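So this block is run.txt, compact mmCIF, C-alpha atoms:
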# COMPACT_ATOMS: atom_id res chain seq x y z
CA MET A 1 -60.51 50.63 -89.15
CA THR A 2 -60.03 51.76 -92.77
CA SER A 3 -61.76 54.82 -94.19
CA ALA A 4 -63.99 52.47 -96.19
CA ASP A 5 -65.00 50.70 -92.99
CA ARG A 6 -65.78 54.00 -91.33
CA SER A 7 -67.95 55.14 -94.22
CA SER A 8 -69.99 51.94 -94.07
CA ARG A 9 -73.23 51.98 -92.13
CA TRP A 10 -73.10 48.24 -91.52
CA PRO A 11 -71.45 48.47 -88.06
CA VAL A 12 -74.04 51.03 -86.92
CA TRP A 13 -76.97 48.87 -87.96
CA LEU A 14 -75.46 45.59 -86.76
CA CYS A 15 -74.75 46.95 -83.28
CA TRP A 16 -78.26 48.39 -83.28
CA LEU A 17 -79.71 44.98 -84.20
CA ALA A 18 -77.68 43.35 -81.41
CA MET A 19 -79.44 45.75 -79.05
CA VAL A 20 -82.80 44.71 -80.55
CA LEU A 21 -82.05 41.19 -79.29
CA ASP A 22 -81.29 42.63 -75.84
CA GLY A 23 -84.62 44.45 -76.02
CA PHE A 24 -86.38 41.18 -76.79
CA ASP A 25 -84.88 39.63 -73.67
CA LEU A 26 -85.80 42.71 -71.65
CA VAL A 27 -89.55 42.24 -72.00
CA VAL A 28 -90.19 38.68 -73.18
CA LEU A 29 -90.71 37.34 -69.65
CA GLY A 30 -92.98 40.25 -68.80
CA THR A 31 -95.21 39.34 -71.75
CA VAL A 32 -95.49 35.62 -70.91
CA ILE A 33 -95.48 35.60 -67.08
CA PRO A 34 -99.18 36.53 -66.67
CA THR A 35 -100.14 33.63 -68.97
CA LEU A 36 -97.80 31.16 -67.24
CA ILE A 37 -99.12 32.14 -63.80
CA LYS A 38 -102.73 31.98 -64.95
CA THR A 39 -102.41 28.55 -66.62
CA HIS A 40 -99.84 27.10 -64.16
CA GLU A 41 -98.08 25.55 -67.18
CA LEU A 42 -94.74 23.91 -66.31
CA GLY A 43 -95.73 24.41 -62.65
CA PHE A 44 -95.51 28.22 -62.75
CA ASP A 45 -96.91 30.39 -59.97
CA ALA A 46 -95.79 33.78 -58.61
CA VAL A 47 -92.82 32.18 -56.84
CA GLY A 48 -91.77 30.21 -59.93
CA ALA A 49 -92.06 33.31 -62.12
CA THR A 50 -89.89 35.27 -59.70
CA LEU A 51 -87.29 32.47 -59.79
CA ALA A 52 -87.23 32.45 -63.61
CA ALA A 53 -86.99 36.25 -63.83
CA THR A 54 -84.27 36.40 -61.17
CA ILE A 55 -82.03 33.59 -62.37
CA SER A 56 -82.10 34.73 -65.99
CA LEU A 57 -80.82 38.11 -64.85
CA VAL A 58 -78.08 36.43 -62.83
CA GLY A 59 -76.83 35.04 -66.13
CA VAL A 60 -77.00 38.44 -67.80
CA GLY A 61 -75.10 40.04 -64.91
CA LEU A 62 -72.37 37.40 -64.97
CA GLY A 63 -72.01 37.84 -68.70
CA ALA A 64 -71.64 41.61 -68.37
CA LEU A 65 -69.12 41.38 -65.54
CA PHE A 66 -66.90 38.51 -66.68
CA ILE A 67 -67.41 38.05 -70.45
CA ALA A 68 -67.83 41.61 -71.77
CA PRO A 69 -64.33 42.77 -70.65
CA LEU A 70 -62.83 40.14 -72.96
CA SER A 71 -63.70 42.41 -75.89
CA ASP A 72 -60.95 44.80 -74.70
CA ARG A 73 -58.51 41.91 -75.16
CA LEU A 74 -59.94 39.69 -77.91
CA GLY A 75 -61.84 42.22 -80.01
CA ARG A 76 -65.44 43.44 -80.10
CA ARG A 77 -66.47 41.61 -83.30
CA ARG A 78 -65.42 38.14 -82.19
CA LEU A 79 -67.12 38.46 -78.82
CA LEU A 80 -70.36 39.83 -80.27
CA MET A 81 -70.67 36.91 -82.69
CA ALA A 82 -69.99 34.28 -80.01
CA CYS A 83 -72.45 35.83 -77.57
CA VAL A 84 -75.26 36.21 -80.12
CA ALA A 85 -74.87 32.55 -81.15
CA TRP A 86 -74.90 31.37 -77.53
CA PHE A 87 -77.93 33.45 -76.58
CA SER A 88 -79.89 32.32 -79.64
CA LEU A 89 -79.36 28.61 -79.06
CA PHE A 90 -80.40 28.68 -75.41
CA THR A 91 -83.38 30.93 -76.16
CA LEU A 92 -84.61 28.24 -78.55
CA ALA A 93 -83.92 25.61 -75.88
CA VAL A 94 -86.47 27.29 -73.56
CA VAL A 95 -89.20 25.90 -75.83
CA ILE A 96 -88.47 22.31 -74.75
CA ALA A 97 -88.23 23.04 -71.01
CA PRO A 98 -90.33 20.49 -69.08
CA ASN A 99 -90.64 22.46 -65.83
CA VAL A 100 -89.87 25.75 -64.09
CA LEU A 101 -86.36 24.69 -63.04
CA VAL A 102 -85.17 23.72 -66.52
CA PHE A 103 -86.89 26.80 -67.98
CA SER A 104 -84.90 28.94 -65.52
CA ILE A 105 -81.60 27.15 -66.25
CA PHE A 106 -81.97 27.74 -69.98
CA ARG A 107 -82.72 31.40 -69.26
CA LEU A 108 -79.59 31.58 -67.08
CA LEU A 109 -77.42 30.17 -69.87
CA ALA A 110 -78.94 32.44 -72.51
CA GLY A 111 -78.27 35.41 -70.23
CA LEU A 112 -74.53 34.65 -70.08
CA GLY A 113 -74.25 35.35 -73.80
CA LEU A 114 -76.61 38.26 -73.92
CA GLY A 115 -75.08 40.04 -70.92
CA ALA A 116 -71.86 40.71 -72.82
CA CYS A 117 -73.61 42.04 -75.94
CA LEU A 118 -74.65 45.42 -74.57
CA PRO A 119 -71.27 46.66 -73.23
CA ALA A 120 -69.39 45.19 -76.22
CA ALA A 121 -71.74 46.85 -78.74
CA LEU A 122 -71.63 50.21 -76.94
CA ALA A 123 -67.83 50.06 -76.69
CA TYR A 124 -67.70 49.24 -80.41
CA MET A 125 -69.88 52.22 -81.34
CA ASN A 126 -67.79 54.59 -79.23
CA ASP A 127 -64.63 53.25 -80.92
CA TYR A 128 -66.30 53.69 -84.29
CA ALA A 129 -67.67 57.21 -83.76
CA THR A 130 -65.74 59.74 -85.82
CA LYS A 131 -67.44 62.99 -84.76
CA ASP A 132 -66.04 64.68 -81.67
CA GLY A 133 -68.62 65.46 -79.05
CA ALA A 134 -71.13 62.87 -80.27
CA ALA A 135 -70.59 60.22 -77.59
CA GLY A 136 -74.01 60.82 -76.06
CA ARG A 137 -75.83 60.47 -79.37
CA SER A 138 -73.74 57.46 -80.39
CA THR A 139 -74.72 55.62 -77.22
CA THR A 140 -78.35 56.66 -77.09
CA ARG A 141 -79.00 55.98 -80.77
CA THR A 142 -77.49 52.52 -80.48
CA MET A 143 -79.62 51.92 -77.41
CA THR A 144 -82.80 52.83 -79.25
CA GLY A 145 -82.47 49.30 -80.62
CA TYR A 146 -82.85 48.03 -77.06
CA HIS A 147 -86.30 49.57 -76.74
CA VAL A 148 -87.34 49.10 -80.36
CA GLY A 149 -86.73 45.40 -79.67
CA ALA A 150 -88.90 45.69 -76.57
CA VAL A 151 -91.67 47.38 -78.58
CA ILE A 152 -91.52 44.72 -81.31
CA THR A 153 -91.64 41.97 -78.69
CA ALA A 154 -94.65 43.54 -76.97
CA LEU A 155 -96.43 43.84 -80.35
CA LEU A 156 -95.56 40.23 -81.13
CA ALA A 157 -96.93 39.17 -77.77
CA LEU A 158 -100.25 40.81 -78.55
CA LEU A 159 -100.40 38.51 -81.61
CA LEU A 160 -98.94 35.30 -80.16
CA VAL A 161 -99.69 35.15 -76.43
CA PRO A 162 -100.98 32.83 -74.90
CA ASN A 163 -98.67 30.79 -77.21
CA TRP A 164 -95.65 31.65 -75.09
CA ARG A 165 -93.31 29.14 -76.77
CA ALA A 166 -93.65 30.98 -80.07
CA MET A 167 -92.16 34.06 -78.40
CA PHE A 168 -88.90 32.25 -77.63
CA VAL A 169 -88.77 30.65 -81.07
CA ALA A 170 -89.01 34.12 -82.63
CA GLY A 171 -86.21 35.51 -80.44
CA GLY A 172 -83.86 32.59 -81.03
CA LEU A 173 -84.35 32.56 -84.79
CA ALA A 174 -83.82 36.33 -84.99
CA GLY A 175 -80.43 35.95 -83.30
CA LEU A 176 -79.36 33.14 -85.63
CA ALA A 177 -80.42 35.23 -88.64
CA LEU A 178 -78.15 38.08 -87.44
CA LEU A 179 -75.01 35.91 -87.24
CA PRO A 180 -74.11 35.75 -90.98
CA PHE A 181 -74.31 39.54 -91.21
CA LEU A 182 -72.02 39.94 -88.18
CA TRP A 183 -69.54 37.52 -89.79
CA PHE A 184 -69.40 39.13 -93.23
CA LYS A 185 -70.15 42.81 -92.57
CA LEU A 186 -68.78 43.76 -89.14
CA PRO A 187 -65.13 44.91 -89.10
CA GLU A 188 -63.05 44.81 -85.94
CA SER A 189 -62.85 48.17 -84.16
CA LEU A 190 -59.73 47.57 -82.08
CA PRO A 191 -56.85 45.12 -82.64
CA PRO A 192 -56.78 42.21 -80.16
CA VAL A 193 -53.94 41.94 -77.63
CA ARG A 194 -51.61 39.17 -78.83
CA HIS A 195 -49.01 37.22 -76.89
CA GLY A 196 -45.68 39.00 -77.11
CA ALA A 197 -47.16 42.22 -78.44
CA GLU A 198 -49.12 45.07 -76.92
CA PRO A 199 -50.96 47.10 -79.57
CA VAL A 200 -53.58 47.75 -76.87
CA GLN A 201 -52.79 47.62 -73.17
CA ALA A 202 -54.75 44.82 -71.47
CA ALA A 203 -57.42 46.10 -69.11
CA SER A 204 -58.99 44.63 -66.00
CA PHE A 205 -61.35 45.62 -63.20
CA ARG A 206 -58.32 46.42 -61.06
CA ASP A 207 -57.77 49.50 -63.21
CA LEU A 208 -61.04 50.89 -61.85
CA THR A 209 -59.65 50.79 -58.30
CA ARG A 210 -56.77 53.09 -59.22
CA ARG A 211 -56.87 56.87 -59.15
CA PRO A 212 -58.77 58.69 -60.50
CA TYR A 213 -61.46 56.06 -61.06
CA PRO A 214 -62.74 54.71 -57.67
CA VAL A 215 -65.22 57.53 -56.95
CA VAL A 216 -66.51 57.32 -60.51
CA ALA A 217 -66.89 53.54 -60.27
CA VAL A 218 -68.86 53.78 -57.01
CA GLY A 219 -71.18 56.50 -58.30
CA VAL A 220 -71.96 54.92 -61.66
CA GLY A 221 -72.19 51.48 -60.07
CA ILE A 222 -74.92 52.60 -57.65
CA ALA A 223 -76.73 54.54 -60.38
CA SER A 224 -76.59 51.57 -62.77
CA PHE A 225 -77.87 49.30 -60.01
CA MET A 226 -80.87 51.55 -59.46
CA GLY A 227 -81.35 52.28 -63.15
CA LEU A 228 -81.54 48.63 -64.18
CA LEU A 229 -83.66 47.83 -61.13
CA LEU A 230 -86.17 50.21 -62.71
CA VAL A 231 -85.78 48.95 -66.28
CA TYR A 232 -86.13 45.27 -65.47
CA GLY A 233 -88.55 45.65 -62.61
CA LEU A 234 -90.96 47.59 -64.81
CA ASN A 235 -90.54 45.51 -67.96
CA THR A 236 -90.85 42.19 -66.14
CA TRP A 237 -93.81 43.06 -63.92
CA LEU A 238 -95.67 46.05 -65.41
CA PRO A 239 -98.44 43.88 -66.98
CA GLN A 240 -98.88 42.04 -63.68
CA LEU A 241 -98.80 45.29 -61.68
CA MET A 242 -101.54 46.66 -63.87
CA ALA A 243 -103.49 43.42 -63.54
CA SER A 244 -103.22 43.84 -59.75
CA ALA A 245 -104.68 47.33 -60.18
CA GLY A 246 -107.66 45.87 -62.03
CA TYR A 247 -106.62 46.30 -65.66
CA SER A 248 -106.78 43.39 -68.18
CA ILE A 249 -103.71 41.38 -69.28
CA ALA A 250 -104.05 42.81 -72.81
CA ALA A 251 -104.13 46.35 -71.39
CA GLY A 252 -101.02 45.63 -69.31
CA ILE A 253 -99.11 44.37 -72.37
CA GLY A 254 -100.29 47.44 -74.29
CA GLN A 255 -98.91 49.69 -71.54
CA LEU A 256 -95.62 47.79 -71.74
CA LEU A 257 -95.52 48.69 -75.42
CA VAL A 258 -96.33 52.36 -74.68
CA LEU A 259 -93.62 52.42 -71.97
CA ASN A 260 -90.96 51.33 -74.46
CA VAL A 261 -92.18 53.65 -77.23
CA GLY A 262 -91.63 56.43 -74.70
CA ALA A 263 -88.15 55.03 -74.08
CA VAL A 264 -87.20 55.36 -77.77
CA VAL A 265 -88.37 58.99 -77.85
CA GLY A 266 -86.54 59.68 -74.60
CA LEU A 267 -83.29 58.22 -75.91
CA VAL A 268 -83.25 60.49 -78.96
CA ILE A 269 -83.94 63.60 -76.86
CA ALA A 270 -81.51 62.60 -74.09
CA GLY A 271 -78.59 62.03 -76.47
CA ILE A 272 -79.00 65.45 -78.09
CA LEU A 273 -79.27 67.23 -74.73
CA ALA A 274 -76.34 65.30 -73.22
CA ASP A 275 -74.00 66.35 -76.02
CA LYS A 276 -75.22 69.95 -75.82
CA HIS A 277 -75.35 70.47 -72.05
CA GLY A 278 -73.20 67.66 -70.62
CA ALA A 279 -74.14 64.12 -69.61
CA LYS A 280 -74.07 64.81 -65.86
CA LYS A 281 -76.65 67.60 -65.89
CA VAL A 282 -79.03 65.65 -68.09
CA VAL A 283 -78.77 62.33 -66.28
CA LEU A 284 -79.44 63.98 -62.90
CA LEU A 285 -82.51 65.72 -64.34
CA TRP A 286 -83.72 62.53 -66.01
CA PHE A 287 -83.47 60.38 -62.87
CA GLY A 288 -85.18 63.12 -60.84
CA LEU A 289 -88.11 63.30 -63.25
CA SER A 290 -88.27 59.50 -63.29
CA ALA A 291 -88.86 59.51 -59.54
CA VAL A 292 -91.72 62.01 -59.95
CA PHE A 293 -93.53 60.16 -62.73
CA LEU A 294 -93.11 56.73 -61.12
CA ALA A 295 -94.80 58.13 -58.03
CA VAL A 296 -97.62 59.42 -60.26
CA LEU A 297 -98.24 55.87 -61.57
CA SER A 298 -99.09 54.78 -58.01
CA ILE A 299 -102.36 56.72 -58.47
CA LYS A 300 -105.01 54.71 -60.30
CA LEU A 301 -106.15 56.62 -63.37
CA GLN A 302 -109.59 55.78 -64.73
CA ASN A 303 -109.15 57.60 -68.03
CA GLU A 304 -107.32 55.24 -70.46
CA LEU A 305 -105.83 58.07 -72.54
CA LEU A 306 -104.48 59.80 -69.44
CA LEU A 307 -103.06 56.52 -68.12
CA ASN A 308 -101.23 55.78 -71.39
CA ALA A 309 -99.89 59.34 -71.46
CA ALA A 310 -98.50 58.90 -67.93
CA VAL A 311 -96.92 55.55 -68.86
CA PHE A 312 -95.43 57.07 -72.04
CA VAL A 313 -93.82 60.00 -70.20
CA THR A 314 -92.50 57.64 -67.53
CA GLY A 315 -90.85 55.58 -70.28
CA VAL A 316 -89.29 58.74 -71.75
CA PHE A 317 -87.35 59.43 -68.56
CA VAL A 318 -86.85 56.08 -66.79
CA PHE A 319 -85.14 54.10 -69.53
CA SER A 320 -83.02 56.83 -71.06
CA SER A 321 -81.74 57.65 -67.55
CA GLN A 322 -79.85 54.37 -67.45
CA VAL A 323 -78.54 54.77 -71.01
CA LEU A 324 -77.22 58.23 -70.11
CA VAL A 325 -75.15 56.51 -67.43
CA TYR A 326 -73.58 54.34 -70.16
CA ALA A 327 -72.99 57.43 -72.33
CA TRP A 328 -71.27 59.19 -69.46
CA VAL A 329 -69.11 56.14 -68.71
CA SER A 330 -68.05 56.04 -72.38
CA GLN A 331 -66.92 59.67 -72.09
CA LEU A 332 -65.16 59.31 -68.74
CA PHE A 333 -62.93 56.34 -69.61
CA PRO A 334 -60.28 55.97 -72.35
CA SER A 335 -60.86 53.44 -75.14
CA ARG A 336 -58.56 50.79 -73.64
CA LEU A 337 -60.79 50.72 -70.54
CA ARG A 338 -64.11 51.45 -72.23
CA ALA A 339 -65.56 47.93 -72.50
CA THR A 340 -64.23 47.05 -69.04
CA ALA A 341 -65.86 50.13 -67.50
CA LEU A 342 -69.10 49.53 -69.41
CA GLY A 343 -69.01 45.88 -68.38
CA PHE A 344 -68.58 46.92 -64.74
CA SER A 345 -71.42 49.42 -64.99
CA ALA A 346 -73.71 46.95 -66.75
CA GLY A 347 -72.68 44.06 -64.49
CA VAL A 348 -73.30 45.90 -61.23
CA GLY A 349 -76.46 47.25 -62.80
CA ARG A 350 -77.60 43.71 -63.53
CA LEU A 351 -77.53 43.07 -59.79
CA GLY A 352 -80.20 45.76 -59.60
CA ALA A 353 -81.93 44.07 -62.52
CA ILE A 354 -82.04 40.92 -60.41
CA LEU A 355 -83.30 42.74 -57.32
CA GLY A 356 -85.97 44.70 -59.17
CA PRO A 357 -87.99 41.72 -60.45
CA ALA A 358 -87.30 39.81 -57.21
CA VAL A 359 -88.61 42.58 -54.95
CA THR A 360 -91.57 43.29 -57.22
CA GLY A 361 -92.29 39.56 -57.44
CA ALA A 362 -92.31 39.36 -53.65
CA LEU A 363 -94.78 42.26 -53.55
CA VAL A 364 -96.94 40.44 -56.12
CA ALA A 365 -96.85 37.24 -54.05
CA ALA A 366 -97.81 39.26 -50.95
CA GLY A 367 -100.69 40.91 -52.80
CA ILE A 368 -99.40 44.49 -52.29
CA ALA A 369 -97.62 45.10 -55.63
CA TYR A 370 -99.96 47.97 -56.41
CA PRO A 371 -99.19 50.68 -55.38
CA TRP A 372 -96.08 49.71 -53.37
CA GLY A 373 -94.14 48.59 -56.44
CA PHE A 374 -94.24 52.12 -57.80
CA TYR A 375 -93.14 53.56 -54.46
CA VAL A 376 -90.08 51.29 -54.51
CA PHE A 377 -89.27 52.34 -58.07
CA ALA A 378 -89.56 56.05 -57.25
CA ALA A 379 -87.18 55.63 -54.29
CA ALA A 380 -84.64 53.84 -56.52
CA ALA A 381 -84.60 56.77 -58.96
CA ALA A 382 -84.03 59.23 -56.10
CA ILE A 383 -81.07 57.16 -54.82
CA ALA A 384 -79.54 57.22 -58.33
CA VAL A 385 -79.64 61.03 -58.27
CA ALA A 386 -77.73 61.09 -54.98
CA ALA A 387 -75.11 58.60 -56.24
CA LEU A 388 -74.38 60.45 -59.48
CA ALA A 389 -74.10 63.79 -57.70
CA ILE A 390 -70.73 62.66 -56.27
CA VAL A 391 -69.20 61.86 -59.69
CA PRO A 392 -67.14 64.67 -61.25
CA PRO A 393 -68.23 65.71 -64.77
CA ARG A 394 -64.69 65.12 -66.07
CA ILE A 395 -61.71 63.14 -64.84
CA PRO A 396 -58.03 63.22 -65.87
CA HIS A 397 -56.61 60.09 -67.52
CA THR A 398 -53.33 58.34 -66.80
CA GLY A 399 -53.18 57.38 -70.51
CA PRO A 400 -54.35 58.95 -73.77
CA PRO A 401 -58.09 59.59 -73.97
CA ALA A 402 -60.23 57.93 -76.59
CA SER A 403 -60.51 60.88 -78.94
CA ALA A 404 -56.78 61.60 -78.70
CA GLU A 405 -56.06 58.02 -79.72
CA ALA A 406 -58.32 58.43 -82.75
CA THR A 407 -57.19 61.89 -83.92
CA GLY A 408 -53.72 62.39 -82.45
CA LYS A 409 -54.91 65.55 -80.69
CA PRO A 410 -55.30 66.16 -76.96
CA ALA A 411 -58.88 65.89 -75.76
CA GLU A 412 -60.88 66.88 -72.72
CA ILE A 413 -63.15 64.10 -71.47
Write out the structure in this file as structure tokens.
Amino acid sequence: MTSADRSSRWPVWLCWLAMVLDGFDLVVLGTVIPTLIKTHELGFDAVGATLAATISLVGVGLGALFIAPLSDRLGRRRLLMACVAWFSLFTLAVVIAPNVLVFSIFRLLAGLGLGACLPAALAYMNDYATKDGAAGRSTTRTMTGYHVGAVITALLALLLVPNWRAMFVAGGLAGLALLPFLWFKLPESLPPVRHGAEPVQAASFRDLTRRPYPVVAVGVGIASFMGLLLVYGLNTWLPQLMASAGYSIAAGIGQLLVLNVGAVVGLVIAGILADKHGAKKVVLLWFGLSAVFLAVLSIKLQNELLLNAAVFVTGVFVFSSQVLVYAWVSQLFPSRLRATALGFSAGVGRLGAILGPAVTGALVAAGIAYPWGFYVFAAAAAIAVAALAIVPPRIPHTGPPASAEATGKPAEI
């Protein structure tokens, strides 16, 4: 990128806005599922809601695993634009779904586009960062868009629900509105690999099976699986979990909003601490505290202020834990492998995102979601701690590290 491109704030804001769309998708089903189950519109019940939540995350996982790595070959900008357009069109299509099956298929297709946005945007921001030692803040600040989007969506739901179709119209139109800005204002961060030339060595998942990466891939894969199990399990089912505990639907949506406000605060704090003390120390602490506070939520709190405080603090630690995994991955891998490694982490994590809503949905259908859902979530956070403990804080590279590529100087990752 040119010095003029680097001085522009457009890439920062556009990647952030792409994460806002991801945040919309994170919680939109959680805001409409209680209404769909209550009214049985389109034939929805607890089983149908679980199907819709699960299959949409299958699409997101496939997009992260198989579409996101293309940005290492074709360029971040081109892939981001294509994926935002695809997601927006199929989000709008949800509005005309005649039944649960078609609703779920449209969500699957929308997820394919959206799943590649997160790793591509994070890889872009780590390419674009010019300050050494700011990888943690670059990742966490970009990911605040993820939870700001979730907060905006929860606020919008308080205004629009039970008109659930309006929620998908808003998300689809927001994505289409972003496209012209991506086209005109987003420069490419890395040159694409062209036939007959190799400005950037092509990357693939096979690179992650070669020394020194397998142990890292296993550890971050398990942690991402558990981390996104928590993120999606909570955001999809928290209103229904709280309804099972005797709270109103409006109160459950309000707690979803508080949860994601806590996430934004947690991301800012986590990024600063990760750059100061190292990503490994902070992510282990964050997942450990997540397990504690998730267990606390299994206790019914009668005082509304105390309940919201507990939900807020849980959001601070749970959601930034997963983003710290992404920040650490961005530090551990060189730029030529960055989107591939992030795509692997996000893609394996999306399998956890599928399992989280599915398991919680099964608990809802069985009538035992409260308090057992929170016990499952606490156990997942504890497993993430164990998995990340095996990953070394730094690994040697077989090629030049990201910061060396950018500055021409050797760098420790």
| task | To one decimal in Å, tell me the separation between atom CA of A:Leu241 and atom CA of A:Phe374. | result | 9.1 Å
| message | Which residue is closest to A:Lys281? Choose from A:Leu305, A:Leu324, A:Leu92, A:Leu234 and count all atoms listed in the file. | response |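 Nearest to A:Lys281: A:Leu324.
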| Using all atoms listed in the file, which residue out of A:Arg338, A:Ala110, A:Val148, A:Arg394 lies closest to A:Leu257? |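 Looking only at the distances to A:Leu257, the closest residue turns out to be A:Val148.
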| task | Would you list the contacts of A:Phe344 as JSON, numbers by chain, taking every protein, DNA or RNA residue within 10 Å and counting all atoms listed in the file, but skipping same-chain residues closer than 2 positions in sequence? | result | {"A": [61, 64, 65, 66, 68, 69, 119, 204, 205, 208, 217, 220, 221, 224, 338, 339, 340, 341, 342, 346, 347, 348, 349, 350]}
| field | Residue nearest A:Met167 - candidates A:Ala387, A:Val27, A:Val364, A:Met81, atoms counted: all atoms listed in the file | value |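 Counting all atoms listed in the file, the residue closest to A:Met167 is A:Val27.
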| said: List as a ChimeraX atom specification the protein and nucleic acid residues near A:Leu118, meaning an atom at most 12 Å away when all atoms listed in the file are counted, but skip any in the same chain fewer than 2 places from it. | reply: /A:15-23,25-26,60-61,63-65,67-69,71,76,79-80,83-84,111-116,120-125,139,142-146,323,326,339-340,342-347,350
| message | Given all atoms listed in the file as the basis, pick out the residue of A:Thr54, A:Thr91, A:Ser298, A:Asn126 nearest to A:Leu229. | response | A:Thr54
Would you give me, as JSON lines, each residue of stretch 339-379 of chain A having an atom within 8 Å of an atom of stretch 32-49 of chain A, along with its shortest atom pair and that distance in Å to one decimal, using all atoms listed in the file and sorting by chain and residue number?
{"residue": "A:Gly361", "atom": "CA", "partner": "A:Ala46", "partner_atom": "CA", "distance": 6.9}
{"residue": "A:Ala362", "atom": "CA", "partner": "A:Val47", "partner_atom": "CA", "distance": 7.9}
{"residue": "A:Val364", "atom": "CA", "partner": "A:Ala46", "partner_atom": "CA", "distance": 7.2}
{"residue": "A:Ala365", "atom": "CA", "partner": "A:Ala46", "partner_atom": "CA", "distance": 5.8}
| Shortest interatomic distance to A:Ser88 - which of A:Leu29, A:Leu337, A:Val258, A:Leu178, counting all atoms listed in the file |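 The closest residue to A:Ser88 is A:Leu178.
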| task | Select, from A:Lys300, A:Arg107, A:His147, A:Arg137, the residue with the minimum atom-to-atom distance to A:Gly278, counting all atoms listed in the file. | result |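 Closest to A:Gly278 of all the choices is A:Arg137.
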| field | A:Gly30 environment, 6 Å, all atoms listed in the file, sequence neighbours closer than 5 positions dropped, as a list in words | value | Asn235, Thr236 and Trp237 of chain A
| When you draw a straight line from atom CA of A:Leu179 to atom CA of A:Asp127, how long is it in Å? |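 Computing it gives 21.2 Å between the two atoms.
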| What is the distance, in Å and to one decimal place, between atom CA of A:Leu289 and atom CA of A:Ala53? |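 Separation of atom CA of A:Leu289 and atom CA of A:Ala53: 27.1 Å.
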